[in-house]
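Peer 1: Questions regarding the structure given below will be posed in turn.
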Number of protein chains: 2
Amino acid sequence: MIRADVVLRDLAEVATLARGPVPRVGEAMADLAIVDGGAVAIDRGRIVWVGPERRLRRDVRLRAGARLVPGDGGTAVPGFVDAHTHALFAGDRSGEIALKAAGASYRQIAQHGGGLLATVRATRRASDARLLEETGARLRRMALAGTTTVEVKSGYALDHAGELRLLRLIPRLARRTGLRLVPTYLGAHAVPPERIRRPETYVDEIVRRTLPAVARARLARFCDVFCEPGFFTLRQSARILRAARALGLGLKLHADEFAAYGGARLAAALGATSADHLLRTPARDRRRLSAAGVTAVVLPVTAFASSTTRRSPARELVDAGVAVALGSDCSPATWVEEIPAVLAAAVHAGRLRPAEALTAATVNAAHALGLGDAGTIEAGRSADLSVFPVRSTAELGYRFSLRPSVILRQGKPVSSA
Amino acid sequence: MIRADVVLRDLAEVATLARGPVPRVGEAMADLAIVDGGAVAIDRGRIVWVGPERRLRRDVRLRAGARLVPGDGGTAVPGFVDAHTHALFAGDRSGEIALKAAGASYRQIAQHGGGLLATVRATRRASDARLLEETGARLRRMALAGTTTVEVKSGYALDHAGELRLLRLIPRLARRTGLRLVPTYLGAHAVPPERIRRPETYVDEIVRRTLPAVARARLARFCDVFCEPGFFTLRQSARILRAARALGLGLKLHADEFAAYGGARLAAALGATSADHLLRTPARDRRRLSAAGVTAVVLPVTAFASSTTRRSPARELVDAGVAVALGSDCSPATWVEEIPAVLAAAVHAGRLRPAEALTAATVNAAHALGLGDAGTIEAGRSADLSVFPVRSTAELGYRFSLRPSVILRQGKPVSSA
């Protein structure tokens, strides 16, 4: 007999996603392994049983004082995994919106002293306490929308000590918020202003000094590079990523967002875990991602916010046989915290079906972070899941602005209080 | 001495929007008439005083048992006015998303028995009780995101008795939800399936029978027509709107969403209160809207969800001197309830500045509904306002997914409980 200290019941559907290998590709992305009229039993923070509620009494014995959580006829889904964020920063850039309204591009705003380097200035100046407070508040709001695992990149210090400081804050943020955080070193987010005439010296610092220090102290699980014209060349990107790989870090790449620059091709050649953005990746390079088993992390809110002509190529990537994952890309440029808004963008602009979008935001996003034990509802896993007040997963992504009515993290209710 | 039974204080900013005539055009759209460090005093549901908190003690005397509402350093804005919704319907159309993912257009989905006519079938079948329950829940979720006034269109019955039934439900929804609802008769949403071979007979019914009945019983404030190829021609639209005008109804028009069909031009020629959508309106017709004083209601979430190539032309309309208002277009096709999501779309895709977007969602939206007494925070007005947990209105629309921390409707707190 299975014992449980928490039981979640009265659910229209439980989307377990517990089937087949990760990452999911093609039609498998639409298979959510749904239990109709399901219930979930949890013990000491772990899922111990998932099945139809009518079998609950037969299979599960409640411990004394067990908590019964009513699902009110809603739909349970795994805690969302946000596969791409720049959530660790200070300040805001609302002041730049006027330039954007006047038609300035990302690069033009940067040339006016705004953009990424404005956040670098604010982040360098900010104390640890301030970074922990502002970023912690963002992460808590993400959690209230159903996210339980978040990738967090460094990249707003752009010098050796500053990048290490940011990475060291990430485990502290995880303890503060209770979220599972996956740290990525993105020293190669931009060339810092003080080295703008000698960019190669910054690449040298990354390769010879910072990356070894990051690996030695296990401060990051991944290394990422912003491989775009005016940021890091293909050659520089390859050099940094090869060094990271030799040190045991997983590889990610900001690829083909502003231009078809060859980033996806490089990610495929290096066997990166993920290639991210991909707004302008040509069809032949999508096929290379598929062949190389690189997960495509699409960021449909960013596509919508930053491009007037491109929409997120999520559909095309799924159809090319690429494993697609989703991320918020939460940053001072695209300050979105809630995965339900990302699902809506993936469905309405990226043309994913709701089931595909949910897979992309759970098991496939976990895979994009190298996690084999997140993004599903199944016995043995940490009880990270949410209930949305809808009768079917088909409404997720179809309806904008949904929020969960119940959130459990390691079996404990998360609330805004 | 002014007496107050509710005082809202500890605010970084109060965006009163209380300046100049409505509608706001050009640079006036960016002038929010902000009171820094402001407070708002309310008595018996009406605003009685707005000013800097330091003057509160001098100017306002609290009644016994008065309630002090803390703003926690946030920003107060007028209750949002949602100028365009199809919120009164039954069922959902999540099942169609797969067709959309496969690339089907709005019209192709309709040809497969989906789209608008699927909602007409569901709405015709639904009982009053079900329509009140489902629509009431939607309106309450809108209210929790800061909306206090909502335009609600009929248009999912498409026959005489059914359209009148829908319009009669609107005052009942207003009583249920406490929201201020503005009813619009949109019998000309589509030609009903049973008349598809004789569309002129449906126009006859609207003009000769339904419109007079709507006017006689004062069931609607506006008449709207879906003027698009395959729906209602320019000639049919003009005939319906002229009849409505003769009966004393205000005029609205769904114009130039799918094609540059001449809808905006017609709205200008008829002196309509608003022309809505306008995705494909040519520049010369934007100037006609400006010259005729027609308010443009832009629906940026719909633009994002329904068009792969067009973005909301909000910037172009403001620059052409048109008074721009915002609406959610909440419907089974674009199920968005929250104005903060609409502000984000207006800013990031429609290229409005946050202040312009806020004007568009308050005073200009009120004007698009013929309301001279909504959308501002000023003495004498109903105390419909929200506090957002941000230090400045510049963050509204810049940040996605914001929700108010305090909502007052007629001076009373609105909560999710």
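Residue numbering restarts at 1 in every chain; chains get A, B, ... in the order shown in the structure tokens, and ligands count up from 1 in that same order.
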Let's see if you can do this: from backbone DSSP, list all helix (DSSP H, G or I) residues in stretch 79-148 of chain A, as a PyMOL selection string.

Peer 2: chain A and resi 94-101+106-111+116-125+128-144

Peer 1: Grab the residues selected above and save them as a tab-separated table (two decimals), in the first residue's frame with N, CA and C atoms.

Peer 2:
```
chain	number	residue	atom	x	y	z
A	94	SER	N	12.68	50.82	-18.84
A	94	SER	CA	11.43	51.37	-19.37
A	94	SER	C	11.68	52.67	-20.12
A	95	GLY	N	12.74	53.36	-19.75
A	95	GLY	CA	13.05	54.63	-20.40
A	95	GLY	C	13.37	54.52	-21.88
A	96	GLU	N	13.74	53.30	-22.31
A	96	GLU	CA	14.10	53.12	-23.72
A	96	GLU	C	12.92	52.92	-24.65
A	97	ILE	N	11.77	52.72	-24.04
A	97	ILE	CA	10.62	52.34	-24.86
A	97	ILE	C	10.29	53.45	-25.86
A	98	ALA	N	10.55	54.69	-25.47
A	98	ALA	CA	10.25	55.80	-26.39
A	98	ALA	C	11.09	55.69	-27.66
A	99	LEU	N	12.37	55.28	-27.50
A	99	LEU	CA	13.22	55.09	-28.69
A	99	LEU	C	12.66	53.97	-29.56
A	100	LYS	N	12.21	52.92	-28.88
A	100	LYS	CA	11.65	51.79	-29.62
A	100	LYS	C	10.37	52.22	-30.36
A	101	ALA	N	9.57	53.02	-29.67
A	101	ALA	CA	8.33	53.51	-30.30
A	101	ALA	C	8.65	54.35	-31.54
A	106	TYR	N	17.29	47.38	-31.80
A	106	TYR	CA	18.09	46.94	-30.66
A	106	TYR	C	19.49	47.55	-30.74
A	107	ARG	N	20.10	47.48	-31.93
A	107	ARG	CA	21.46	47.99	-32.05
A	107	ARG	C	21.52	49.50	-31.98
A	108	GLN	N	20.51	50.17	-32.55
A	108	GLN	CA	20.50	51.64	-32.46
A	108	GLN	C	20.33	52.10	-31.01
A	109	ILE	N	19.47	51.40	-30.26
A	109	ILE	CA	19.28	51.75	-28.85
A	109	ILE	C	20.60	51.57	-28.10
A	110	ALA	N	21.32	50.49	-28.42
A	110	ALA	CA	22.62	50.25	-27.78
A	110	ALA	C	23.58	51.39	-28.09
A	111	GLN	N	23.53	51.90	-29.35
A	111	GLN	CA	24.43	52.99	-29.73
A	111	GLN	C	24.09	54.29	-28.99
A	116	LEU	N	21.54	46.62	-23.62
A	116	LEU	CA	22.24	45.72	-22.73
A	116	LEU	C	23.26	46.43	-21.83
A	117	LEU	N	24.01	47.37	-22.41
A	117	LEU	CA	25.08	47.99	-21.60
A	117	LEU	C	24.51	48.88	-20.50
A	118	ALA	N	23.31	49.40	-20.68
A	118	ALA	CA	22.68	50.15	-19.59
A	118	ALA	C	22.43	49.22	-18.41
A	119	THR	N	21.98	47.99	-18.70
A	119	THR	CA	21.77	47.03	-17.62
A	119	THR	C	23.09	46.57	-17.02
A	120	VAL	N	24.14	46.51	-17.84
A	120	VAL	CA	25.46	46.16	-17.29
A	120	VAL	C	25.88	47.22	-16.28
A	121	ARG	N	25.71	48.48	-16.62
A	121	ARG	CA	26.07	49.55	-15.67
A	121	ARG	C	25.27	49.40	-14.37
A	122	ALA	N	23.97	49.19	-14.49
A	122	ALA	CA	23.12	49.09	-13.29
A	122	ALA	C	23.49	47.86	-12.47
A	123	THR	N	23.79	46.77	-13.14
A	123	THR	CA	24.07	45.52	-12.42
A	123	THR	C	25.43	45.58	-11.74
A	124	ARG	N	26.41	46.15	-12.42
A	124	ARG	CA	27.73	46.29	-11.79
A	124	ARG	C	27.64	47.12	-10.52
A	125	ARG	N	26.84	48.18	-10.57
A	125	ARG	CA	26.70	49.08	-9.41
A	125	ARG	C	25.92	48.46	-8.27
A	128	ASP	N	24.94	43.02	-3.76
A	128	ASP	CA	24.37	41.67	-3.73
A	128	ASP	C	22.94	41.71	-3.19
A	129	ALA	N	22.74	42.48	-2.13
A	129	ALA	CA	21.41	42.50	-1.50
A	129	ALA	C	20.35	42.98	-2.49
A	130	ARG	N	20.71	43.99	-3.27
A	130	ARG	CA	19.73	44.52	-4.21
A	130	ARG	C	19.45	43.52	-5.33
A	131	LEU	N	20.51	42.88	-5.84
A	131	LEU	CA	20.32	41.87	-6.90
A	131	LEU	C	19.47	40.72	-6.39
A	132	LEU	N	19.73	40.30	-5.15
A	132	LEU	CA	18.94	39.20	-4.59
A	132	LEU	C	17.48	39.60	-4.42
A	133	GLU	N	17.27	40.83	-3.99
A	133	GLU	CA	15.89	41.27	-3.75
A	133	GLU	C	15.11	41.41	-5.06
A	134	GLU	N	15.71	42.11	-6.03
A	134	GLU	CA	14.97	42.36	-7.28
A	134	GLU	C	14.77	41.06	-8.05
A	135	THR	N	15.83	40.25	-8.15
A	135	THR	CA	15.71	39.01	-8.90
A	135	THR	C	14.82	38.01	-8.16
A	136	GLY	N	14.95	37.98	-6.85
A	136	GLY	CA	14.09	37.09	-6.06
A	136	GLY	C	12.62	37.41	-6.27
A	137	ALA	N	12.28	38.70	-6.34
A	137	ALA	CA	10.88	39.09	-6.57
A	137	ALA	C	10.41	38.62	-7.94
A	138	ARG	N	11.28	38.75	-8.94
A	138	ARG	CA	10.92	38.26	-10.28
A	138	ARG	C	10.67	36.76	-10.26
A	139	LEU	N	11.59	36.04	-9.63
A	139	LEU	CA	11.46	34.58	-9.60
A	139	LEU	C	10.20	34.16	-8.86
A	140	ARG	N	9.86	34.85	-7.80
A	140	ARG	CA	8.64	34.51	-7.07
A	140	ARG	C	7.40	34.75	-7.92
A	141	ARG	N	7.41	35.83	-8.72
A	141	ARG	CA	6.27	36.04	-9.62
A	141	ARG	C	6.21	34.95	-10.69
A	142	MET	N	7.37	34.51	-11.18
A	142	MET	CA	7.38	33.38	-12.12
A	142	MET	C	6.72	32.16	-11.47
A	143	ALA	N	7.07	31.92	-10.22
A	143	ALA	CA	6.54	30.75	-9.51
A	143	ALA	C	5.02	30.82	-9.38
A	144	LEU	N	4.50	32.03	-9.17
A	144	LEU	CA	3.04	32.18	-9.02
A	144	LEU	C	2.30	31.92	-10.32
```

Peer 1: Please determine the contact residues of chain A with respect to chain B at a cut-off of 8 Å, counting only C-alpha atoms, and supply them as a VMD selection string.

Peer 2: chain A and resid 94 to 95 97 to 98 100 to 103 304 to 306 308 to 311 315 334 to 338 341 345 347 to 349 351 to 354 394 to 395 398 to 401

Peer 1: Just list the residues in stretch 113-358 of chain A DSSP gives strand (DSSP E or B) on the backbone, as a PyMOL selection string.

Peer 2: chain A and resi 147-153+180-188+222-227+250-255+274-277+295-298+324-326+335

Peer 1: List as a PDB file with all heavy atoms, in the first residue's frame the protein and nucleic acid residues near A:Glu151, meaning an atom at most 9 Å away when only C-alpha atoms are counted, but skip any in the same chain fewer than 3 places from it.

Peer 2:
```pdb
ATOM      1  N   VAL A  81       9.085  24.528 -16.801  1.00  0.00           N
ATOM      2  CA  VAL A  81      10.533  24.700 -16.820  1.00  0.00           C
ATOM      3  C   VAL A  81      10.804  25.841 -17.798  1.00  0.00           C
ATOM      4  O   VAL A  81      10.429  25.758 -18.971  1.00  0.00           O
ATOM      5  CB  VAL A  81      11.225  23.406 -17.294  1.00  0.00           C
ATOM      6  CG1 VAL A  81      12.734  23.603 -17.359  1.00  0.00           C
ATOM      7  CG2 VAL A  81      10.851  22.239 -16.377  1.00  0.00           C
ATOM      8  N   ASP A  82      11.390  26.911 -17.299  1.00  0.00           N
ATOM      9  CA  ASP A  82      11.683  28.066 -18.159  1.00  0.00           C
ATOM     10  C   ASP A  82      13.125  27.928 -18.632  1.00  0.00           C
ATOM     11  O   ASP A  82      14.067  28.099 -17.860  1.00  0.00           O
ATOM     12  CB  ASP A  82      11.464  29.352 -17.364  1.00  0.00           C
ATOM     13  CG  ASP A  82      11.537  30.592 -18.233  1.00  0.00           C
ATOM     14  OD1 ASP A  82      12.159  30.537 -19.323  1.00  0.00           O
ATOM     15  OD2 ASP A  82      10.993  31.631 -17.827  1.00  0.00           O
ATOM     16  N   ALA A  83      13.294  27.607 -19.918  1.00  0.00           N
ATOM     17  CA  ALA A  83      14.594  27.155 -20.414  1.00  0.00           C
ATOM     18  C   ALA A  83      15.553  28.272 -20.801  1.00  0.00           C
ATOM     19  O   ALA A  83      16.677  27.986 -21.232  1.00  0.00           O
ATOM     20  CB  ALA A  83      14.390  26.225 -21.618  1.00  0.00           C
ATOM     21  N   HIS A  84      15.147  29.526 -20.653  1.00  0.00           N
ATOM     22  CA  HIS A  84      16.032  30.617 -21.110  1.00  0.00           C
ATOM     23  C   HIS A  84      15.605  31.912 -20.432  1.00  0.00           C
ATOM     24  O   HIS A  84      14.572  32.480 -20.776  1.00  0.00           O
ATOM     25  CB  HIS A  84      15.933  30.742 -22.637  1.00  0.00           C
ATOM     26  CG  HIS A  84      16.832  31.770 -23.271  1.00  0.00           C
ATOM     27  ND1 HIS A  84      17.631  31.478 -24.350  1.00  0.00           N
ATOM     28  CD2 HIS A  84      17.041  33.090 -23.005  1.00  0.00           C
ATOM     29  CE1 HIS A  84      18.298  32.573 -24.719  1.00  0.00           C
ATOM     30  NE2 HIS A  84      17.950  33.564 -23.917  1.00  0.00           N
ATOM     31  N   THR A  85      16.412  32.359 -19.468  1.00  0.00           N
ATOM     32  CA  THR A  85      16.134  33.674 -18.872  1.00  0.00           C
ATOM     33  C   THR A  85      17.431  34.441 -18.608  1.00  0.00           C
ATOM     34  O   THR A  85      18.486  33.857 -18.403  1.00  0.00           O
ATOM     35  CB  THR A  85      15.372  33.606 -17.509  1.00  0.00           C
ATOM     36  OG1 THR A  85      16.309  33.464 -16.439  1.00  0.00           O
ATOM     37  CG2 THR A  85      14.338  32.501 -17.477  1.00  0.00           C
ATOM     38  N   HIS A  86      17.274  35.749 -18.633  1.00  0.00           N
ATOM     39  CA  HIS A  86      18.318  36.678 -18.196  1.00  0.00           C
ATOM     40  C   HIS A  86      17.770  37.399 -16.960  1.00  0.00           C
ATOM     41  O   HIS A  86      17.820  38.623 -16.874  1.00  0.00           O
ATOM     42  CB  HIS A  86      18.627  37.696 -19.290  1.00  0.00           C
ATOM     43  CG  HIS A  86      19.049  37.108 -20.599  1.00  0.00           C
ATOM     44  ND1 HIS A  86      20.363  36.999 -20.970  1.00  0.00           N
ATOM     45  CD2 HIS A  86      18.331  36.573 -21.623  1.00  0.00           C
ATOM     46  CE1 HIS A  86      20.446  36.446 -22.182  1.00  0.00           C
ATOM     47  NE2 HIS A  86      19.218  36.182 -22.597  1.00  0.00           N
ATOM     48  N   ALA A  87      17.205  36.614 -16.037  1.00  0.00           N
ATOM     49  CA  ALA A  87      16.436  37.209 -14.943  1.00  0.00           C
ATOM     50  C   ALA A  87      17.292  37.894 -13.885  1.00  0.00           C
ATOM     51  O   ALA A  87      16.769  38.613 -13.041  1.00  0.00           O
ATOM     52  CB  ALA A  87      15.562  36.139 -14.290  1.00  0.00           C
ATOM     53  N   ARG A 180      14.018  25.551  -8.382  1.00  0.00           N
ATOM     54  CA  ARG A 180      15.193  24.861  -8.901  1.00  0.00           C
ATOM     55  C   ARG A 180      15.785  25.758  -9.992  1.00  0.00           C
ATOM     56  O   ARG A 180      15.116  26.047 -10.986  1.00  0.00           O
ATOM     57  CB  ARG A 180      14.750  23.528  -9.476  1.00  0.00           C
ATOM     58  CG  ARG A 180      15.893  22.652  -9.937  1.00  0.00           C
ATOM     59  CD  ARG A 180      15.347  21.288 -10.290  1.00  0.00           C
ATOM     60  NE  ARG A 180      16.410  20.377 -10.662  1.00  0.00           N
ATOM     61  CZ  ARG A 180      16.196  19.114 -11.024  1.00  0.00           C
ATOM     62  NH1 ARG A 180      14.953  18.636 -11.037  1.00  0.00           N
ATOM     63  NH2 ARG A 180      17.198  18.327 -11.339  1.00  0.00           N
ATOM     64  N   LEU A 181      16.997  26.215  -9.804  1.00  0.00           N
ATOM     65  CA  LEU A 181      17.626  27.137 -10.757  1.00  0.00           C
ATOM     66  C   LEU A 181      18.812  26.459 -11.431  1.00  0.00           C
ATOM     67  O   LEU A 181      19.596  25.772 -10.771  1.00  0.00           O
ATOM     68  CB  LEU A 181      18.094  28.403 -10.035  1.00  0.00           C
ATOM     69  CG  LEU A 181      17.019  29.195  -9.273  1.00  0.00           C
ATOM     70  CD1 LEU A 181      17.624  30.478  -8.695  1.00  0.00           C
ATOM     71  CD2 LEU A 181      15.826  29.529 -10.166  1.00  0.00           C
ATOM     72  N   VAL A 182      18.930  26.639 -12.716  1.00  0.00           N
ATOM     73  CA  VAL A 182      20.031  26.066 -13.492  1.00  0.00           C
ATOM     74  C   VAL A 182      20.888  27.228 -13.986  1.00  0.00           C
ATOM     75  O   VAL A 182      20.431  28.032 -14.810  1.00  0.00           O
ATOM     76  CB  VAL A 182      19.491  25.241 -14.677  1.00  0.00           C
ATOM     77  CG1 VAL A 182      20.656  24.725 -15.535  1.00  0.00           C
ATOM     78  CG2 VAL A 182      18.632  24.082 -14.177  1.00  0.00           C
ATOM     79  N   PRO A 183      22.122  27.343 -13.476  1.00  0.00           N
ATOM     80  CA  PRO A 183      22.953  28.506 -13.833  1.00  0.00           C
ATOM     81  C   PRO A 183      23.709  28.314 -15.156  1.00  0.00           C
ATOM     82  O   PRO A 183      24.269  27.260 -15.421  1.00  0.00           O
ATOM     83  CB  PRO A 183      23.943  28.595 -12.674  1.00  0.00           C
ATOM     84  CG  PRO A 183      24.025  27.204 -12.117  1.00  0.00           C
ATOM     85  CD  PRO A 183      22.747  26.481 -12.460  1.00  0.00           C
ATOM     86  N   THR A 184      23.696  29.355 -15.966  1.00  0.00           N
ATOM     87  CA  THR A 184      24.435  29.375 -17.232  1.00  0.00           C
ATOM     88  C   THR A 184      25.387  30.570 -17.235  1.00  0.00           C
ATOM     89  O   THR A 184      24.965  31.693 -16.937  1.00  0.00           O
ATOM     90  CB  THR A 184      23.464  29.479 -18.425  1.00  0.00           C
ATOM     91  OG1 THR A 184      22.695  28.282 -18.509  1.00  0.00           O
ATOM     92  CG2 THR A 184      24.210  29.687 -19.736  1.00  0.00           C
ATOM     93  N   GLY A 327      11.099  29.179 -23.682  1.00  0.00           N
ATOM     94  CA  GLY A 327      11.627  29.992 -22.600  1.00  0.00           C
ATOM     95  C   GLY A 327      10.961  31.353 -22.619  1.00  0.00           C
ATOM     96  O   GLY A 327      10.407  31.768 -23.639  1.00  0.00           O
ATOM     97  N   LEU A 369      17.825  21.847 -20.440  1.00  0.00           N
ATOM     98  CA  LEU A 369      18.654  22.178 -19.278  1.00  0.00           C
ATOM     99  C   LEU A 369      19.412  20.962 -18.759  1.00  0.00           C
ATOM    100  O   LEU A 369      19.967  20.997 -17.647  1.00  0.00           O
ATOM    101  CB  LEU A 369      17.771  22.770 -18.175  1.00  0.00           C
ATOM    102  CG  LEU A 369      17.014  24.040 -18.566  1.00  0.00           C
ATOM    103  CD1 LEU A 369      16.250  24.586 -17.368  1.00  0.00           C
ATOM    104  CD2 LEU A 369      17.958  25.088 -19.139  1.00  0.00           C
TER     105      LEU A 369
END
```

Peer 1: Need to verify the contact set: stretch 18-22 of chain A, 9 Å, only C-alpha atoms, exclusion of same-chain residues closer than 4 positions in sequence. Can you return it as an NGL selection string?

Peer 2: :A and (28 or 31-34 or 323 or 363-364 or 366-367 or 372 or 375-378)

Peer 1: List as a compact mmCIF listing (two decimals) with N, CA and C atoms, in the first residue's frame the protein and nucleic acid residues near B:Gly71, meaning an atom at most 12 Å away when only C-alpha atoms are counted, but skip any in the same chain fewer than 4 places from it.

Peer 2:
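selection_7.txt written:
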```txt
# COMPACT_ATOMS: atom_id res chain seq x y z
N VAL B 7 -9.35 56.52 1.96
CA VAL B 7 -8.19 57.25 1.46
C VAL B 7 -7.15 56.25 0.96
N LEU B 8 -6.72 56.46 -0.27
CA LEU B 8 -5.66 55.65 -0.87
C LEU B 8 -4.40 56.48 -0.82
N ARG B 9 -3.35 55.93 -0.19
CA ARG B 9 -2.14 56.74 -0.02
C ARG B 9 -0.88 55.88 -0.16
N ASP B 10 0.28 56.49 0.05
CA ASP B 10 1.57 55.83 -0.16
C ASP B 10 1.69 55.39 -1.62
N LEU B 11 1.58 56.34 -2.50
CA LEU B 11 1.66 56.07 -3.94
C LEU B 11 2.86 56.82 -4.52
N ALA B 12 3.61 56.15 -5.38
CA ALA B 12 4.71 56.83 -6.07
C ALA B 12 4.13 57.84 -7.06
N GLU B 13 3.14 57.42 -7.80
CA GLU B 13 2.51 58.29 -8.80
C GLU B 13 1.01 58.06 -8.81
N VAL B 14 0.26 59.14 -9.07
CA VAL B 14 -1.15 59.00 -9.44
C VAL B 14 -1.27 59.56 -10.86
N GLY B 37 3.89 61.26 -5.64
CA GLY B 37 3.63 61.11 -4.20
C GLY B 37 2.19 61.43 -3.87
N GLY B 38 1.30 61.03 -4.73
CA GLY B 38 -0.09 61.42 -4.60
C GLY B 38 -0.90 60.56 -3.66
N ALA B 39 -2.10 61.05 -3.38
CA ALA B 39 -3.10 60.31 -2.62
C ALA B 39 -4.46 60.62 -3.23
N VAL B 40 -5.41 59.74 -2.95
CA VAL B 40 -6.76 59.91 -3.48
C VAL B 40 -7.74 59.75 -2.33
N GLU B 53 0.25 63.67 -1.20
CA GLU B 53 -0.14 63.15 0.12
C GLU B 53 0.17 64.13 1.24
N THR B 75 1.72 52.63 -8.15
CA THR B 75 1.25 53.67 -9.08
C THR B 75 -0.24 53.50 -9.32
N ALA B 76 -1.00 54.57 -9.07
CA ALA B 76 -2.45 54.51 -9.26
C ALA B 76 -2.82 54.98 -10.66
N VAL B 77 -3.71 54.24 -11.28
CA VAL B 77 -4.19 54.60 -12.63
C VAL B 77 -5.71 54.48 -12.63
N LEU B 385 -10.51 52.81 -9.83
CA LEU B 385 -9.07 52.94 -10.06
C LEU B 385 -8.32 51.74 -9.52
N SER B 386 -7.07 51.61 -9.96
CA SER B 386 -6.22 50.50 -9.54
C SER B 386 -4.86 51.01 -9.13
N VAL B 387 -4.17 50.21 -8.34
CA VAL B 387 -2.78 50.48 -8.02
C VAL B 387 -1.95 49.31 -8.55
N PHE B 388 -0.95 49.63 -9.36
CA PHE B 388 -0.01 48.62 -9.85
C PHE B 388 1.27 48.70 -9.04
N PRO B 389 1.87 47.53 -8.77
CA PRO B 389 3.08 47.52 -7.92
C PRO B 389 4.33 47.91 -8.69
N VAL B 390 4.31 49.10 -9.26
CA VAL B 390 5.46 49.64 -9.98
C VAL B 390 5.65 51.08 -9.56
N ARG B 391 6.88 51.57 -9.75
CA ARG B 391 7.18 52.92 -9.27
C ARG B 391 6.76 54.01 -10.23
N PRO B 404 -2.76 44.43 -10.89
CA PRO B 404 -2.88 45.42 -9.83
C PRO B 404 -2.84 44.78 -8.44
N SER B 405 -2.29 45.53 -7.49
CA SER B 405 -2.26 45.08 -6.11
C SER B 405 -3.48 45.60 -5.35
N VAL B 406 -4.07 46.68 -5.82
CA VAL B 406 -5.30 47.22 -5.22
C VAL B 406 -6.24 47.56 -6.37
N ILE B 407 -7.50 47.22 -6.25
CA ILE B 407 -8.50 47.61 -7.24
C ILE B 407 -9.68 48.19 -6.47
N LEU B 408 -10.08 49.39 -6.84
CA LEU B 408 -11.27 49.99 -6.23
C LEU B 408 -12.30 50.22 -7.32
```

Peer 1: Please measure the separation of atom CA of B:Gly250 and atom CA of B:Glu205, giving the value in Å to one decimal.

Peer 2: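 Spanning atom CA of B:Gly250 to atom CA of B:Glu205 is a straight-line distance of 19.3 Å.
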
Peer 1: Give me the residues near B:Leu266 as a list in words, where near means some atom within 10 Å (using only C-alpha atoms) and where sequence neighbours in that chain fewer than 2 positions away do not count.

Peer 2: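 Within the cut-off, the hits are Cys227, Leu234, Arg235, Ser237, Ala238, Leu241, Leu253, Ala255, Tyr261, Gly262, Gly263, Ala264, Ala268, Ala269, Leu270, Gly271, Ala272, Ala275, Asp285, Arg288 and Leu289 of chain B.
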
Peer 1: Atom CA of B:Ala361 and atom CA of B:Ala325 are how many Å apart?

Peer 2: 5.9 Å
